file work.txt (compact mmCIF, C-alpha atoms (C1' of nucleotides))
# COMPACT_ATOMS: atom_id res chain seq x y z
CA MET P 137 -23.36 -27.44 19.97
CA ALA P 138 -21.38 -25.19 17.71
CA ASN P 139 -18.05 -23.71 18.59
CA ARG P 140 -16.38 -26.98 19.53
CA LYS P 141 -12.95 -25.39 19.07
CA ILE P 142 -12.43 -24.24 22.63
CA SER P 143 -9.22 -22.37 23.26
CA PRO P 144 -6.78 -24.86 24.72
CA ARG P 145 -6.37 -24.85 28.50
CA ALA P 146 -7.73 -21.35 29.02
CA SER P 147 -7.03 -20.65 32.63
CA PRO P 148 -10.28 -20.03 34.45
CA ARG P 149 -8.83 -16.87 35.93
CA THR P 150 -8.22 -15.36 32.55
CA SER P 151 -11.87 -14.57 32.00
CA GLU P 152 -12.03 -12.80 35.30
CA ARG P 153 -8.93 -10.84 34.52
CA LEU P 154 -10.37 -9.69 31.23
CA ARG P 155 -13.70 -8.81 32.70
CA ALA P 156 -11.99 -6.84 35.43
CA ALA P 157 -10.24 -4.87 32.73
CA GLY P 158 -13.57 -4.08 31.11
CA LEU P 159 -13.08 -6.45 28.20
CA ARG P 160 -15.43 -9.23 27.19
CA PRO P 161 -13.68 -12.54 27.60
CA THR P 162 -14.03 -13.75 24.06
CA ARG P 163 -12.35 -16.91 22.91
CA GLN P 164 -9.66 -14.97 21.06
CA ARG P 165 -8.90 -12.62 23.91
CA ARG P 166 -8.71 -15.50 26.37
CA LEU P 167 -6.22 -17.29 24.19
CA LEU P 168 -4.07 -14.23 23.66
CA ALA P 169 -4.23 -13.31 27.33
CA ASP P 170 -3.17 -16.84 28.25
CA LEU P 171 -0.25 -16.72 25.87
CA LEU P 172 0.77 -13.39 27.29
CA PHE P 173 0.20 -13.72 31.00
CA GLN P 174 0.35 -17.39 31.86
CA HIS P 175 4.07 -17.81 32.24
CA GLY P 176 5.60 -14.75 33.86
CA HIS P 177 6.58 -11.55 32.11
CA ARG P 178 7.39 -11.50 28.47
CA HIS P 179 7.87 -9.32 25.41
CA VAL P 180 5.99 -9.82 22.18
CA THR P 181 5.57 -8.42 18.78
CA ALA P 182 2.23 -8.57 16.97
CA GLU P 183 3.68 -10.96 14.46
CA LEU P 184 5.07 -13.26 17.14
CA LEU P 185 1.83 -13.45 19.09
CA HIS P 186 -0.10 -14.11 15.90
CA GLN P 187 2.26 -16.94 15.13
CA GLU P 188 1.96 -18.41 18.60
CA ALA P 189 -1.82 -18.39 18.41
CA LYS P 190 -1.66 -20.30 15.17
CA GLU P 191 0.74 -22.80 16.66
CA ALA P 192 -1.50 -23.21 19.69
CA GLY P 193 -4.07 -24.54 17.28
CA CYS P 194 -6.35 -21.57 17.62
CA PRO P 195 -5.58 -19.19 14.80
CA VAL P 196 -6.59 -15.60 15.31
CA SER P 197 -6.62 -12.96 12.64
CA LEU P 198 -3.80 -10.48 12.65
CA ALA P 199 -6.28 -7.62 13.02
CA THR P 200 -7.58 -9.19 16.20
CA VAL P 201 -4.08 -9.50 17.55
CA TYR P 202 -3.49 -5.81 16.95
CA ASN P 203 -6.85 -4.95 18.47
CA ALA P 204 -6.15 -7.03 21.54
CA LEU P 205 -2.66 -5.62 22.01
CA HIS P 206 -4.01 -2.10 21.96
CA GLN P 207 -6.97 -2.87 24.18
CA PHE P 208 -4.75 -4.64 26.69
CA THR P 209 -2.41 -1.68 26.60
CA ASP P 210 -5.24 0.80 27.16
CA ALA P 211 -6.45 -1.37 30.01
CA GLY P 212 -3.03 -1.23 31.63
CA LEU P 213 -2.28 -4.92 31.15
CA LEU P 214 0.49 -4.24 28.68
CA GLN P 215 3.00 -1.54 27.99
CA GLN P 216 4.38 -0.56 24.63
CA VAL P 217 8.15 -0.42 24.39
CA ILE P 218 9.75 1.59 21.64
CA VAL P 219 13.17 0.39 20.67
CA GLU P 220 13.21 0.16 16.91
CA ALA P 221 11.53 2.11 14.18
CA SER P 222 10.22 -0.84 12.26
CA GLN P 223 8.15 -2.78 14.78
CA SER P 224 6.19 -2.33 17.99
CA HIS P 225 7.06 -4.35 21.05
CA PHE P 226 4.74 -4.99 23.98
CA ASP P 227 5.70 -5.90 27.51
CA THR P 228 3.57 -7.68 30.08
CA ASN P 229 5.59 -6.05 32.82
CA VAL P 230 3.76 -2.77 33.32
CA GLY P 231 5.63 -1.64 36.39
CA PRO P 232 8.37 0.99 36.10
CA HIS P 233 11.46 -0.70 34.73
CA GLN P 234 13.97 -0.43 31.91
CA HIS P 235 15.29 -2.59 29.05
CA PHE P 236 18.23 -4.17 27.38
CA TYR P 237 17.81 -4.33 23.65
CA GLU P 238 19.90 -6.49 21.37
CA GLU P 239 19.49 -4.98 17.94
CA GLU P 240 20.74 -7.88 15.81
CA ALA P 241 18.36 -10.35 17.38
CA GLY P 242 15.57 -7.89 18.05
CA ARG P 243 15.63 -9.25 21.58
CA LEU P 244 14.24 -7.24 24.45
CA THR P 245 15.02 -8.05 28.09
CA ASP P 246 13.80 -6.46 31.27
CA ILE P 247 16.37 -4.90 33.54
CA SER P 248 15.37 -6.01 36.98
CA ALA P 249 17.76 -3.74 38.84
CA ASP P 250 16.63 -0.31 39.90
CA ILE P 251 18.03 2.19 37.43
CA GLY P 252 18.58 5.70 38.68
CA VAL P 253 18.60 8.69 36.37
CA SER P 254 20.19 11.84 37.75
CA GLY P 255 20.72 15.30 36.36
CA LEU P 256 17.37 15.63 34.65
CA PRO P 257 16.71 19.27 33.91
CA GLN P 258 13.34 20.93 34.29
CA PRO P 259 11.12 19.94 31.36
CA PRO P 260 10.32 22.76 28.87
CA LYS P 261 7.86 25.40 30.07
CA GLY P 262 4.29 24.24 29.93
CA THR P 263 5.13 20.53 29.95
CA LYS P 264 5.59 17.90 32.58
CA ILE P 265 7.47 14.65 32.62
CA GLN P 266 5.29 11.70 31.89
CA ARG P 267 7.81 8.89 31.83
CA VAL P 268 11.54 8.30 31.55
CA ASP P 269 12.60 5.43 29.34
CA VAL P 270 16.07 3.98 29.39
CA VAL P 271 17.16 1.59 26.66
CA VAL P 272 20.51 -0.08 27.05
CA ARG P 273 21.55 -1.16 23.59
CA ILE P 274 23.77 -4.18 23.66
CA ARG P 275 25.69 -6.14 21.06
CA ARG P 276 27.00 -9.65 20.92
CA ASP P 277 30.75 -9.59 21.26
CA MET W 221 25.44 26.38 -19.62
CA ALA W 222 23.15 23.73 -18.28
CA ASN W 223 22.36 23.22 -14.66
CA ARG W 224 21.48 26.81 -13.91
CA LYS W 225 19.56 25.77 -10.81
CA ILE W 226 22.36 26.07 -8.31
CA SER W 227 21.49 25.19 -4.77
CA PRO W 228 20.87 28.44 -2.96
CA ARG W 229 23.65 29.83 -0.77
CA ALA W 230 25.49 26.56 -0.45
CA SER W 231 28.14 27.31 2.09
CA PRO W 232 31.58 26.80 0.54
CA ARG W 233 32.56 24.72 3.52
CA THR W 234 29.80 22.23 2.93
CA SER W 235 31.57 20.64 -0.01
CA GLU W 236 34.67 20.16 2.07
CA ARG W 237 32.69 18.65 4.89
CA LEU W 238 31.08 16.16 2.55
CA ARG W 239 34.32 15.27 0.86
CA ALA W 240 35.94 14.74 4.24
CA ALA W 241 33.16 12.30 5.03
CA GLY W 242 33.90 10.41 1.84
CA LEU W 243 30.82 11.65 0.03
CA ARG W 244 30.74 13.38 -3.31
CA PRO W 245 29.47 16.90 -2.87
CA THR W 246 26.58 16.69 -5.27
CA ARG W 247 24.07 19.48 -5.57
CA GLN W 248 21.46 17.53 -3.59
CA ARG W 249 23.79 16.54 -0.81
CA ARG W 250 25.08 20.08 -0.49
CA LEU W 251 21.57 21.40 -0.16
CA LEU W 252 20.56 18.82 2.40
CA ALA W 253 23.76 19.25 4.36
CA ASP W 254 23.22 23.00 4.42
CA LEU W 255 19.68 22.60 5.67
CA LEU W 256 20.90 20.24 8.34
CA PHE W 257 24.14 21.75 9.53
CA GLN W 258 24.02 25.44 8.77
CA HIS W 259 22.15 26.66 11.81
CA GLY W 260 23.19 24.73 14.87
CA HIS W 261 21.87 21.36 15.95
CA ARG W 262 18.50 20.17 14.87
CA HIS W 263 16.20 17.19 14.55
CA VAL W 264 14.57 16.11 11.32
CA THR W 265 12.35 13.55 9.84
CA ALA W 266 12.78 12.43 6.24
CA GLU W 267 9.45 13.98 5.35
CA LEU W 268 10.37 17.29 6.95
CA LEU W 269 13.71 17.55 5.22
CA HIS W 270 12.12 16.66 1.91
CA GLN W 271 9.59 19.43 2.45
CA GLU W 272 12.27 21.94 3.35
CA ALA W 273 14.25 21.15 0.22
CA LYS W 274 11.17 21.76 -1.85
CA GLU W 275 10.53 25.05 -0.10
CA ALA W 276 14.13 26.09 -0.59
CA GLY W 277 13.39 25.96 -4.32
CA CYS W 278 15.54 22.94 -4.92
CA PRO W 279 13.33 19.88 -4.82
CA VAL W 280 15.04 16.60 -4.11
CA SER W 281 13.43 13.21 -4.48
CA LEU W 282 12.35 11.49 -1.33
CA ALA W 283 14.59 8.53 -2.13
CA THR W 284 17.56 10.87 -2.21
CA VAL W 285 16.60 12.29 1.15
CA TYR W 286 16.53 8.81 2.62
CA ASN W 287 19.81 7.93 0.96
CA ALA W 288 21.45 11.06 2.26
CA LEU W 289 20.15 10.60 5.79
CA HIS W 290 21.57 7.12 5.93
CA GLN W 291 24.85 8.05 4.32
CA PHE W 292 25.26 10.99 6.70
CA THR W 293 24.46 8.68 9.57
CA ASP W 294 26.98 6.09 8.44
CA ALA W 295 29.54 8.85 8.07
CA GLY W 296 28.93 9.95 11.64
CA LEU W 297 27.40 13.29 10.72
CA LEU W 298 23.97 12.30 12.00
CA GLN W 299 22.54 10.06 14.64
CA GLN W 300 19.26 8.22 14.48
CA VAL W 301 16.94 8.73 17.43
CA ILE W 302 14.22 6.22 18.09
CA VAL W 303 11.29 7.64 19.98
CA GLU W 304 8.19 6.53 18.13
CA ALA W 305 7.31 3.46 16.19
CA SER W 306 5.97 5.20 13.15
CA GLN W 307 8.80 7.45 12.01
CA SER W 308 12.55 7.82 12.13
CA HIS W 309 14.13 10.92 13.56
CA PHE W 310 17.66 12.11 12.90
CA ASP W 311 19.78 14.38 15.04
CA THR W 312 22.69 16.53 13.94
CA ASN W 313 24.07 16.39 17.45
CA VAL W 314 26.15 13.23 17.37
CA GLY W 315 27.76 13.61 20.76
CA PRO W 316 26.48 11.64 23.72
CA HIS W 317 23.31 13.28 24.98
CA GLN W 318 19.68 12.52 25.72
CA HIS W 319 16.25 13.74 24.65
CA PHE W 320 12.94 15.17 25.63
CA TYR W 321 10.15 13.90 23.44
CA GLU W 322 6.72 15.47 23.26
CA GLU W 323 4.49 12.79 21.82
CA GLU W 324 1.52 14.92 20.76
CA ALA W 325 3.64 17.28 18.73
CA GLY W 326 6.24 14.74 17.68
CA ARG W 327 8.77 17.27 18.96
CA LEU W 328 12.24 16.16 19.92
CA THR W 329 14.56 18.34 22.02
CA ASP W 330 18.11 17.78 23.13
CA ILE W 331 18.78 17.66 26.84
CA SER W 332 21.89 19.70 27.31
CA ALA W 333 22.47 18.72 30.91
CA ASP W 334 24.62 15.74 31.73
CA ILE W 335 22.35 12.85 32.55
CA GLY W 336 23.70 10.18 34.85
CA VAL W 337 22.42 6.63 34.81
CA SER W 338 23.22 4.53 37.85
CA GLY W 339 22.46 0.99 38.84
CA LEU W 340 23.05 -0.55 35.45
CA PRO W 341 23.54 -4.28 35.85
CA GLN W 342 26.06 -6.31 33.93
CA PRO W 343 24.78 -6.87 30.37
CA PRO W 344 23.78 -10.47 29.54
CA LYS W 345 26.65 -12.95 29.07
CA GLY W 346 28.28 -12.60 25.72
CA THR W 347 27.14 -9.06 25.10
CA LYS W 348 28.48 -5.64 25.81
CA ILE W 349 26.83 -2.26 26.17
CA GLN W 350 26.91 -0.24 23.04
CA ARG W 351 24.89 2.80 24.04
CA VAL W 352 22.45 3.93 26.68
CA ASP W 353 19.53 5.97 25.45
CA VAL W 354 17.35 8.00 27.74
CA VAL W 355 14.08 9.43 26.46
CA VAL W 356 12.17 11.73 28.76
CA ARG W 357 8.59 11.69 27.53
CA ILE W 358 6.81 14.91 28.28
CA ARG W 359 3.28 16.15 27.86
CA ARG W 360 1.75 19.59 27.64
CA ASP W 361 -0.11 20.35 30.82
C1' DC L 29 -34.36 -17.31 23.20
C1' DG L 30 -34.18 -12.42 21.18
C1' DT L 31 -31.70 -8.82 20.40
C1' DA L 32 -28.57 -4.96 20.94
C1' DA L 33 -23.95 -4.07 21.60
C1' DC L 34 -19.63 -5.60 20.97
C1' DT L 35 -16.03 -8.67 18.33
C1' DT L 36 -13.84 -10.89 14.81
C1' DT L 37 -12.34 -11.25 10.27
C1' DA L 38 -10.59 -11.04 5.40
C1' DG L 39 -8.97 -8.15 2.71
C1' DA L 40 -8.35 -3.44 1.23
C1' DA L 41 -5.97 0.69 2.42
C1' DC L 42 -2.39 3.34 4.28
C1' DT L 43 2.27 5.02 5.77
C1' DA L 44 6.99 4.97 6.15
C1' DT L 45 10.72 3.17 3.99
C1' DT L 46 13.49 0.54 0.59
C1' DC L 47 14.32 -1.18 -3.96
C1' DT L 48 14.90 -1.03 -9.07
C1' DA L 49 16.41 0.18 -13.30
C1' DA L 50 17.05 4.02 -16.11
C1' DT L 51 19.13 8.43 -16.47
C1' DC L 52 22.30 11.84 -15.11
C1' DT L 53 26.61 14.13 -12.98
C1' DG L 54 31.05 14.83 -10.96
C1' DC L 55 35.51 13.71 -11.42
C1' DT L 56 39.65 11.84 -13.52
C1' DT L 57 42.34 10.93 -17.50
C1' DG L 58 44.18 11.55 -22.08
C1' DC R 282 38.32 20.22 -22.45
C1' DA R 283 36.03 15.78 -24.23
C1' DA R 284 35.24 11.12 -23.00
C1' DG R 285 33.98 7.80 -19.99
C1' DC R 286 33.07 5.53 -15.72
C1' DA R 287 31.87 5.14 -11.08
C1' DG R 288 28.80 6.86 -8.31
C1' DA R 289 24.29 9.58 -7.56
C1' DT R 290 19.59 10.75 -8.46
C1' DT R 291 15.03 9.73 -9.65
C1' DA R 292 10.15 8.13 -10.41
C1' DG R 293 7.70 4.79 -9.46
C1' DA R 294 7.08 0.04 -7.97
C1' DA R 295 7.60 -2.89 -4.09
C1' DT R 296 7.58 -4.08 0.78
C1' DA R 297 6.51 -4.30 5.75
C1' DG R 298 4.02 -3.11 9.54
C1' DT R 299 -0.12 -1.44 10.95
C1' DT R 300 -4.90 0.36 10.63
C1' DC R 301 -9.41 0.52 8.49
C1' DT R 302 -13.88 -1.27 6.66
C1' DA R 303 -17.94 -3.46 6.45
C1' DA R 304 -19.97 -7.82 6.81
C1' DA R 305 -20.72 -11.88 9.63
C1' DG R 306 -20.37 -13.87 14.22
C1' DT R 307 -20.59 -13.74 19.60
C1' DT R 308 -21.77 -12.41 24.06
C1' DA R 309 -24.55 -10.87 27.67
C1' DC R 310 -28.71 -9.47 29.48
C1' DG R 311 -33.47 -9.24 29.94
call {"tool": "encode", "arguments": {"input": "work.txt", "output": "structure tokens"}}
result
Amino acid sequence: MANRKISPRASPRTSERLRAAGLRPTRQRRLLADLLFQHGHRHVTAELLHQEAKEAGCPVSLATVYNALHQFTDAGLLQQVIVEASQSHFDTNVGPHQHFYEEEAGRLTDISADIGVSGLPQPPKGTKIQRVDVVVRIRRD
Amino acid sequence: MANRKISPRASPRTSERLRAAGLRPTRQRRLLADLLFQHGHRHVTAELLHQEAKEAGCPVSLATVYNALHQFTDAGLLQQVIVEASQSHFDTNVGPHQHFYEEEAGRLTDISADIGVSGLPQPPKGTKIQRVDVVVRIRRD
DNA sequence: CGTAACTTTAGAACTATTCTAATCTGCTTG
DNA sequence: CAAGCAGATTAGAATAGTTCTAAAGTTACG
């Protein structure tokens, strides 16, 4: 009879998704997963997601948000995007793609077009290329 | 008779360089500029430069290192390179070029080849492209 | 249901960076 | 060259984002 505060409209598929990723579908993780994956791809910051959870009427501690973001990332459900030194951004689009970044607004946008990078030299001896990130920095004009 | 602790082997040109950039050639700035610009292009972190100043026998406060890095950057003598969320990196190569980044070691290397990026879409309405950064993440194998 | 393993949480701790206010220095002027 | 001021340096406090800790709560499985 306890635990009346069910996470609002948790999609029934969310639990399955979490389980498939090897994560227990706890109330908090279901909420966060719903916020992240329910409406197409998006970019979040820990602070933003924390705020959204609170606004959804199901507050989650900031530590849990950080935990979840990292677990989701390790599970391949999220990707970390590094565009500014002061904050980490996470992207629900985990396929290979690139980003626009608007510094002033801190706004990150997926580039849907296929970016080609040519002229890459051999990586230094003893290393291999793991990923190529392209960030197109834009400014309001 | 005071101020016997002259910065070691400050190149005579360094003062001119600083003055040209609109910065007073103080003892600290001369030292830092020498460490940065005397031996070809390099990449530093505030912590690293601070350490090097100490080892050069001319300790400089960390705040001064940060101040100098930003002033040099504003003056166009340095460029900030964003490759990891936890620390800022600065590059003495301010021309257009791209980077290899080895995560484990935190090592940044210039790519000397000319990288071409094709397939860039129009930037979002009301914005214009300011810079395109390519980071080739590599791993020891 | 019991219980072992896993989660969440508040708050402390930590790290990189910036700020503050006091002191000092480089440069110009008399 | 002494005085004085704008600008620079500094130690240490403050801040922001993130991670850690250890105690309390949940989940899943028999």
call {"tool": "atom_distance", "arguments": {"input": "work.txt", "atom1": "CA of Ala325 in chain W", "atom2": "CA of Arg351 in chain W"}}
result
26.3 Å
call {"tool": "interface_residues", "arguments": {"input": "work.txt", "of": "chain L", "to": "chain P", "cutoff": "12 Å", "atoms": "only C-alpha atoms (C1' of nucleotides)", "output": "list in words"}}
result
DA33, DC34, DT35, DT36, DT37, DA38, DG39, DT43, DA44 and DT45 of chain L
call {"tool": "closest_residue", "arguments": {"input": "work.txt", "among": "P:Val253, P:Leu172, P:Cys194, P:Leu167", "to": "Asp353 in chain W", "atoms": "all atoms listed in the file"}}
result
P:Val253
call {"tool": "interface_residues", "arguments": {"input": "work.txt", "of": "chain R", "to": "chain W", "cutoff": "12 Å", "atoms": "only C-alpha atoms (C1' of nucleotides)", "output": "mmCIF file with C-alpha atoms (C1' of nucleotides), in the frame of the given file"}}
result
data_model
loop_
_atom_site.group_PDB
_atom_site.id
_atom_site.type_symbol
_atom_site.label_atom_id
_atom_site.label_comp_id
_atom_site.auth_asym_id
_atom_site.auth_seq_id
_atom_site.Cartn_x
_atom_site.Cartn_y
_atom_site.Cartn_z
ATOM 1 C "C1'" DA R 287 31.870 5.140 -11.080
ATOM 2 C "C1'" DG R 288 28.800 6.860 -8.310
ATOM 3 C "C1'" DA R 289 24.290 9.580 -7.560
ATOM 4 C "C1'" DT R 290 19.590 10.750 -8.460
ATOM 5 C "C1'" DT R 291 15.030 9.730 -9.650
ATOM 6 C "C1'" DA R 292 10.150 8.130 -10.410
ATOM 7 C "C1'" DG R 293 7.700 4.790 -9.460
ATOM 8 C "C1'" DG R 298 4.020 -3.110 9.540
ATOM 9 C "C1'" DT R 299 -0.120 -1.440 10.950
#
call {"tool": "axis_aligned_box", "arguments": {"input": "work.txt", "around": "range 239-257 of chain W", "padding_each_side": "8 Å", "output": "AutoDock Vina command-line options"}}
result
--center_x 27.8 --center_y 16.7 --center_z 2.0 --size_x 32.3 --size_y 28.6 --size_z 31.1
call {"tool": "interface_residues", "arguments": {"input": "work.txt", "of": "chain P", "to": "chain W", "cutoff": "8 Å", "atoms": "all atoms listed in the file", "output": "short mmCIF file (atom, residue, chain, number, x, y, z; two decimals) with C-alpha atoms, in the coordinates of the input"}}
result
data_model
loop_
_atom_site.label_atom_id
_atom_site.label_comp_id
_atom_site.auth_asym_id
_atom_site.auth_seq_id
_atom_site.Cartn_x
_atom_site.Cartn_y
_atom_site.Cartn_z
CA ILE P 218 9.75 1.59 21.64
CA VAL P 219 13.17 0.39 20.67
CA GLU P 220 13.21 0.16 16.91
CA ALA P 221 11.53 2.11 14.18
CA SER P 222 10.22 -0.84 12.26
CA GLN P 223 8.15 -2.78 14.78
CA SER P 224 6.19 -2.33 17.99
CA PHE P 236 18.23 -4.17 27.38
CA ILE P 247 16.37 -4.90 33.54
CA ALA P 249 17.76 -3.74 38.84
CA ASP P 250 16.63 -0.31 39.90
CA ILE P 251 18.03 2.19 37.43
CA GLY P 252 18.58 5.70 38.68
CA VAL P 253 18.60 8.69 36.37
CA SER P 254 20.19 11.84 37.75
CA GLY P 255 20.72 15.30 36.36
CA LEU P 256 17.37 15.63 34.65
CA PRO P 257 16.71 19.27 33.91
CA PRO P 259 11.12 19.94 31.36
CA GLY P 262 4.29 24.24 29.93
CA THR P 263 5.13 20.53 29.95
CA LYS P 264 5.59 17.90 32.58
CA ILE P 265 7.47 14.65 32.62
CA GLN P 266 5.29 11.70 31.89
CA ARG P 267 7.81 8.89 31.83
CA VAL P 268 11.54 8.30 31.55
CA ASP P 269 12.60 5.43 29.34
CA VAL P 270 16.07 3.98 29.39
CA VAL P 271 17.16 1.59 26.66
CA VAL P 272 20.51 -0.08 27.05
CA ARG P 273 21.55 -1.16 23.59
CA ILE P 274 23.77 -4.18 23.66
CA ARG P 275 25.69 -6.14 21.06
CA ARG P 276 27.00 -9.65 20.92
CA ASP P 277 30.75 -9.59 21.26
#
call {"tool": "atom_distance", "arguments": {"input": "work.txt", "atom1": "CA of Asp294 in chain W", "atom2": "CA of Ala240 in chain W"}}
result
13.1 Å
call {"tool": "atom_distance", "arguments": {"input": "work.txt", "atom1": "CA of Asn229 in chain P", "atom2": "CA of Arg178 in chain P"}}
result
7.2 Å
call {"tool": "residues_near_point", "arguments": {"input": "work.txt", "point": "(-35.9, -10.3, 29.2)", "cutoff": "9 Å", "atoms": "all atoms listed in the file", "output": "ChimeraX atom specification"}}
result
/L:30 /R:310-311
